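Right, one structure below, let's go through it.
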Amino acid sequence: MRSFLKPLLTIAAMALGMTAVVPMPAWALVELNVNKGNVEPLPIAITDFQGGDALGAQISQIVSADLKRSGLFAPIDKSAFIEKIANPDATPRFDDWKVINAQALVTGSVSKEADGRIRAQYRLWDTFAGQQMSGEQFFANDANQRRVAHIIADAIYERITGEKGYFDTRVVFIDESGAKNARKKRLAIMDQDGANIRYLSDGRSIVLTPRFSPNRQEITYMSYESGQPRVYLLQIETGQRELVGNFPGMTFAPRFSPDGQKVIMSLLRDDGNSNIFAMDLRSRSTTRLTNSTAIDTSPSYSPDGSKVVFTSDRGGRAQIYVMGADGSGQTRISFGDGVYSTPVWSPRGDLIAFTKQTGGEFQIGVMKTDGSGERILSSGFQQEGPTWAPNGRVLMFFRDSAGGPKLVSVDLTGRNEQPIPTANFASDPAWSPLLE
Amino acid sequence: MGRIAALTRNPAMIALVAALAITGCASKKTPNNAADLGLNGAGAATPGSAQDFTVNIGDRIFFDTDSTSIRADAQTTLARQAQWLNQYKQYAIVVEGHADERGTREYNLALGARRAAATRDFLVSKGVASSRLKTISYGKERPVAVCDDISCWSQNRRAVTTLSGAGS
């Protein structure tokens with residue numbers, strides 16, 4: 001079922017009854033329109049969850065950190081709180097929260113069930129409307145404490161912004177250590193906030209560009225382990241690995257199709273050029289999608305699977321092209337001043353993220369799927385490789401500075417850039433879909 | 001480009017990378033023996049050895065930014081390589097293609113592959129049997145020079161001819 005990292009979360013969400021004293025019309029409730037250009041972060045008070053010893057405070061801290069990193073919320077320092085919540089299910093004294101300008105308030109509790117599971121529940125209150133906005137409870141086993149907090153953060157984010165959350169997600173990436181001319185690279189997976197890191201390869205071979213399958217159980221990546229660089233599949237749980245296809249030359253730049261049935265990638269031709277192929281993972285049949293004497297690489301499917309965006313230098317320098325998933329109608333869409341690469345289609349379908357090199361800088365940007373409306377979200381000396389959060393509102397990429405690469409996230413406004421903490425250097429991030 | 005070339009020919013730069021058997025300026029003051037390279041003169045390379053190839057012939061050529069064409073200085077080096085390889089036929093050859101860090105990862109894998117192929121094709125045109133030649137791209141994964149400026153990048157945009165399978 002929802003197996004990702006065992007032992008598994010048995011999350012059962014249950015709505016908690018409203019305890020609103022004064023029913024208010026829905027339009028009066030606090031909300032954030034993330035589509036507006038300049039969103040003021042919403043002041044929110046997140047109280048320590050009651051019970052569970054240190055766990056209650058930890059859950060509140062994780063929820064707070066998630067919401068703060070989104071750039072849409074401004075958690076209020078706990079020392080400013082006036083009311084000390086004794087019963088998280090009781091209606092709070094809204095005046096005490098309004099006076100410190102907390103527009104939203106989170107209360108909650110956590111407890112151990114007889115069977116050893118953790119029960120966590122939260123209530124989200126609109127202090128100015130004076131009513132509960134939402135309330136749910138979740139059950140989880142011990143190993144998933146942090147996930148419970150991320151799920152609660154997602155629920156709050158979704159209730160207030162109207163957009164799906166993205167905190168209960170993971171990131172696969174390349175952990176890098178050692179000198180720049182002898183880098184050790186390991187496949188690694190972690191929660192989106194940098195916690196719970198786990199290594200998936202031993203560092204003996206160069207590994208690059210891991211990407212999630214839509215079912216989150218598998219990744220595809222490139223490895224030099226056989227001598228010749230090739231694309232592989234890896235089952236995250238079992239560690240089982242498998243070569244994708246049996247091609248004569250280098251295969252690279254893999255990504256799954258949205259239905260998880262295909263891997264699309266580049267194959268090196270003997271003449272030194274690279275073309276794009278799709279391989280059906282069941283039948284093992286391959287389809288050639290491009291046939292140019294150029295570099296065609298970095299393919300990425302549209303979320304409905306009908307189109308593919310890719311990089312090609314067929315026009316002289318690297319630019320972004322779109323084609324049908326059968327290779328038809330190959331059309332250049334990037335025309336700005338510079339070199340474009342690493343296009344990635346948004347999970348919402350509306351935008352394409354890319355790396356652009358211009359004026360000695362590397363920029364992370366987005367454009368509409370016809371190439372119009374280009375916007376640069378982040379500029380730096382050396383940065384590349386955007387990946388989308390599953391809600392299509394946030395990108396993660398890597399930036400090389402101070403001796404090595406680190407992961408950074410930026411939202412679609414470009415105003416909220418956040419470092420992602422990793423112990424070592426880190427590159428090639430790929431965001432998972434929402435966990436289940 | 002002019003500035004990059006000038007830096008490559010800077011004597012200080014040459015000293016820095018001498019141990020890497022620089023050949024990018026073959027037409028000028030090429031270090032052409034072990035002593036010139038600062039290696040111990042007592043260990044002069046045996047003709048026909050891998051060390052002979054690296055030190056006296058030059059195992060690598062360099063490319064301009066985002067380019068895969070074989071420059072004039074590189075053609076001189078490759079002609080010398082071909083002559084040596086045609087004399088010592090016991091070696092199998094792997095041509096490694098590399099890119100500098102000023103490109104994105106996947107594109108640079110493709111660029112390195114194209115540089116390796118161009119180098120291989122040039123060697124074949126000079127009579128080296130294609131059956132002896134393989135190529136591999138390392139993209140930007142294996143820089144030899146490590147810094148954040150163009151003097152490094154020019155050293156990393158390279159194709160290296162490596163010898164293997166020497167007949168015993």
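Within each chain, counting starts at residue 1; across the structure tokens, chains are named A, B, ... in the order shown, with ligands numbered 1 upward in that order.
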
For Ile136 in chain B, please output as an mmCIF file with C-alpha atoms, in the first residue's frame all residues within 7 Å (counting only C-alpha atoms; exclusion window: fewer than 6 positions along the same chain).
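Everything below was put into part_4.cif:
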```cif
data_model
loop_
_atom_site.group_PDB
_atom_site.id
_atom_site.type_symbol
_atom_site.label_atom_id
_atom_site.label_comp_id
_atom_site.auth_asym_id
_atom_site.auth_seq_id
_atom_site.Cartn_x
_atom_site.Cartn_y
_atom_site.Cartn_z
ATOM 1 C CA GLN A 228 30.831 2.651 -19.284
ATOM 2 C CA VAL B 95 40.039 8.465 -25.200
ATOM 3 C CA GLU B 96 38.492 10.329 -22.258
ATOM 4 C CA GLY B 97 36.437 13.423 -23.012
ATOM 5 C CA ALA B 113 31.475 12.468 -25.363
ATOM 6 C CA ALA B 116 36.264 12.168 -27.158
#
```

If the cut-off is 7 Å, can you tell me the residues of chain A near chain B, counting only C-alpha atoms? I'd like them as a VMD selection string.
chain A and resid 180 to 181 228 253 271 to 274 295 297 to 298 341 384

Please return, as an NGL selection string, all residues of range 20-143 of chain A that DSSP assigns to strand (DSSP E or B) on the basis of the backbone.
:A and (42-46 or 50 or 73-75 or 104-112 or 118-126 or 131-140)

Expected file contents, prior selection, N, CA and C atoms, as a JSON list (two decimals), in the first residue's frame:
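Saved file selection_22.json follows:
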```json
[["chain", "number", "residue", "atom", "x", "y", "z"],
["A", 42, "LEU", "N", 2.16, 35.30, 6.61],
["A", 42, "LEU", "CA", 1.06, 35.35, 7.56],
["A", 42, "LEU", "C", 1.57, 35.06, 8.98],
["A", 43, "PRO", "N", 1.35, 36.00, 9.92],
["A", 43, "PRO", "CA", 1.77, 35.73, 11.30],
["A", 43, "PRO", "C", 0.93, 34.59, 11.89],
["A", 44, "ILE", "N", 1.61, 33.58, 12.36],
["A", 44, "ILE", "CA", 0.92, 32.40, 12.88],
["A", 44, "ILE", "C", 1.58, 32.00, 14.19],
["A", 45, "ALA", "N", 0.76, 31.62, 15.17],
["A", 45, "ALA", "CA", 1.29, 31.16, 16.46],
["A", 45, "ALA", "C", 1.14, 29.64, 16.50],
["A", 46, "ILE", "N", 2.26, 28.95, 16.68],
["A", 46, "ILE", "CA", 2.24, 27.49, 16.74],
["A", 46, "ILE", "C", 2.66, 27.09, 18.14],
["A", 50, "GLN", "N", 0.69, 19.41, 23.32],
["A", 50, "GLN", "CA", 0.63, 18.94, 24.69],
["A", 50, "GLN", "C", 0.95, 17.45, 24.77],
["A", 73, "PHE", "N", 4.55, 32.02, 5.69],
["A", 73, "PHE", "CA", 4.14, 32.13, 7.08],
["A", 73, "PHE", "C", 5.27, 32.73, 7.91],
["A", 74, "ALA", "N", 4.89, 33.51, 8.92],
["A", 74, "ALA", "CA", 5.86, 34.06, 9.85],
["A", 74, "ALA", "C", 5.50, 33.57, 11.25],
["A", 75, "PRO", "N", 6.05, 32.42, 11.66],
["A", 75, "PRO", "CA", 5.74, 31.93, 13.01],
["A", 75, "PRO", "C", 6.20, 32.93, 14.07],
["A", 104, "ALA", "N", -3.40, 33.35, 12.73],
["A", 104, "ALA", "CA", -3.79, 31.95, 12.84],
["A", 104, "ALA", "C", -3.08, 31.37, 14.05],
["A", 105, "LEU", "N", -3.72, 30.37, 14.65],
["A", 105, "LEU", "CA", -3.19, 29.74, 15.86],
["A", 105, "LEU", "C", -3.28, 28.23, 15.68],
["A", 106, "VAL", "N", -2.23, 27.54, 16.08],
["A", 106, "VAL", "CA", -2.23, 26.08, 16.02],
["A", 106, "VAL", "C", -2.09, 25.54, 17.43],
["A", 107, "THR", "N", -3.02, 24.70, 17.83],
["A", 107, "THR", "CA", -2.88, 23.97, 19.10],
["A", 107, "THR", "C", -2.88, 22.48, 18.76],
["A", 108, "GLY", "N", -2.40, 21.68, 19.69],
["A", 108, "GLY", "CA", -2.39, 20.25, 19.38],
["A", 108, "GLY", "C", -1.93, 19.44, 20.55],
["A", 109, "SER", "N", -2.03, 18.14, 20.39],
["A", 109, "SER", "CA", -1.57, 17.24, 21.44],
["A", 109, "SER", "C", -1.01, 15.98, 20.81],
["A", 110, "VAL", "N", -0.20, 15.30, 21.57],
["A", 110, "VAL", "CA", 0.37, 14.05, 21.10],
["A", 110, "VAL", "C", 0.36, 13.08, 22.27],
["A", 111, "SER", "N", 0.06, 11.83, 21.98],
["A", 111, "SER", "CA", 0.02, 10.84, 23.06],
["A", 111, "SER", "C", 0.38, 9.46, 22.51],
["A", 112, "LYS", "N", 0.74, 8.60, 23.41],
["A", 112, "LYS", "CA", 1.06, 7.21, 23.03],
["A", 112, "LYS", "C", -0.18, 6.36, 23.21],
["A", 118, "ILE", "N", 1.78, 6.44, 17.99],
["A", 118, "ILE", "CA", 1.65, 7.82, 18.43],
["A", 118, "ILE", "C", 0.36, 8.39, 17.86],
["A", 119, "ARG", "N", -0.37, 9.11, 18.70],
["A", 119, "ARG", "CA", -1.54, 9.81, 18.20],
["A", 119, "ARG", "C", -1.26, 11.30, 18.28],
["A", 120, "ALA", "N", -1.33, 11.97, 17.14],
["A", 120, "ALA", "CA", -1.11, 13.42, 17.14],
["A", 120, "ALA", "C", -2.34, 14.09, 16.58],
["A", 121, "GLN", "N", -2.77, 15.15, 17.22],
["A", 121, "GLN", "CA", -3.90, 15.89, 16.67],
["A", 121, "GLN", "C", -3.62, 17.39, 16.74],
["A", 122, "TYR", "N", -4.19, 18.10, 15.78],
["A", 122, "TYR", "CA", -4.00, 19.55, 15.79],
["A", 122, "TYR", "C", -5.34, 20.24, 15.54],
["A", 123, "ARG", "N", -5.42, 21.48, 15.96],
["A", 123, "ARG", "CA", -6.53, 22.35, 15.56],
["A", 123, "ARG", "C", -5.94, 23.66, 15.05],
["A", 124, "LEU", "N", -6.50, 24.13, 13.95],
["A", 124, "LEU", "CA", -6.07, 25.41, 13.37],
["A", 124, "LEU", "C", -7.20, 26.42, 13.59],
["A", 125, "TRP", "N", -6.85, 27.53, 14.24],
["A", 125, "TRP", "CA", -7.85, 28.53, 14.60],
["A", 125, "TRP", "C", -7.61, 29.83, 13.84],
["A", 126, "ASP", "N", -8.71, 30.45, 13.42],
["A", 126, "ASP", "CA", -8.65, 31.80, 12.88],
["A", 126, "ASP", "C", -8.96, 32.75, 14.03],
["A", 131, "GLN", "N", -12.80, 31.41, 15.22],
["A", 131, "GLN", "CA", -13.33, 30.05, 15.01],
["A", 131, "GLN", "C", -12.26, 29.09, 14.53],
["A", 132, "GLN", "N", -12.60, 27.79, 14.67],
["A", 132, "GLN", "CA", -11.68, 26.76, 14.21],
["A", 132, "GLN", "C", -11.78, 26.63, 12.69],
["A", 133, "MET", "N", -10.63, 26.55, 12.03],
["A", 133, "MET", "CA", -10.61, 26.37, 10.57],
["A", 133, "MET", "C", -10.55, 24.90, 10.20],
["A", 134, "SER", "N", -9.76, 24.14, 10.94],
["A", 134, "SER", "CA", -9.67, 22.71, 10.66],
["A", 134, "SER", "C", -9.10, 22.01, 11.88],
["A", 135, "GLY", "N", -9.27, 20.71, 11.92],
["A", 135, "GLY", "CA", -8.72, 19.91, 12.99],
["A", 135, "GLY", "C", -8.70, 18.46, 12.54],
["A", 136, "GLU", "N", -7.59, 17.78, 12.79],
["A", 136, "GLU", "CA", -7.46, 16.39, 12.35],
["A", 136, "GLU", "C", -6.59, 15.66, 13.34],
["A", 137, "GLN", "N", -6.72, 14.33, 13.34],
["A", 137, "GLN", "CA", -5.76, 13.56, 14.11],
["A", 137, "GLN", "C", -5.15, 12.46, 13.27],
["A", 138, "PHE", "N", -3.93, 12.08, 13.62],
["A", 138, "PHE", "CA", -3.15, 11.11, 12.85],
["A", 138, "PHE", "C", -2.52, 10.10, 13.79],
["A", 139, "PHE", "N", -2.42, 8.88, 13.32],
["A", 139, "PHE", "CA", -1.72, 7.84, 14.07],
["A", 139, "PHE", "C", -0.48, 7.43, 13.29],
["A", 140, "ALA", "N", 0.61, 7.23, 14.01],
["A", 140, "ALA", "CA", 1.84, 6.84, 13.34],
["A", 140, "ALA", "C", 2.68, 6.00, 14.29]]
```

Just checking: using only C-alpha atoms, which residue out of B:Thr65, B:Ile93, B:Ile70, B:Arg132 ends up closest to Phe53 in chain B?
B:Ile93

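For the pair CA of Gln217 in chain A and CA of Arg69 in chain A, the interatomic distance is 26.4 Å.
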
Quick one: distance from CA of Ala159 in chain B to CA of Gly249 in chain A in Å, one decimal?
17.7 Å

Identify all residues of range 80-249 of chain A in alpha helix (DSSP H) (DSSP on the backbone) and supply them as a list in words.
Phe94, Asp95, Asp96, Trp97, Lys98, Gln145, Arg146, Arg147, Val148, Ala149, His150, Ile151, Ile152, Ala153, Asp154, Ala155, Ile156, Tyr157, Glu158, Arg159, Ile160 and Thr161 of chain A

Given the choices A:Thr387, A:Ser302, A:Gln192, A:Asn215, which gets closest to Gln235 in chain A if the distance is worked out from only C-alpha atoms?
A:Asn215

Exercise: Tyr91 in chain B partners within 10 Å, only C-alpha atoms, chain neighbours under 4 positions left out, as a list in words
Gly48, Ser49, Ala50, Leu85, Asn86, Arg132, Leu133, Thr162, Leu163, Ser164, Gly165, Ala166 and Gly167 of chain B
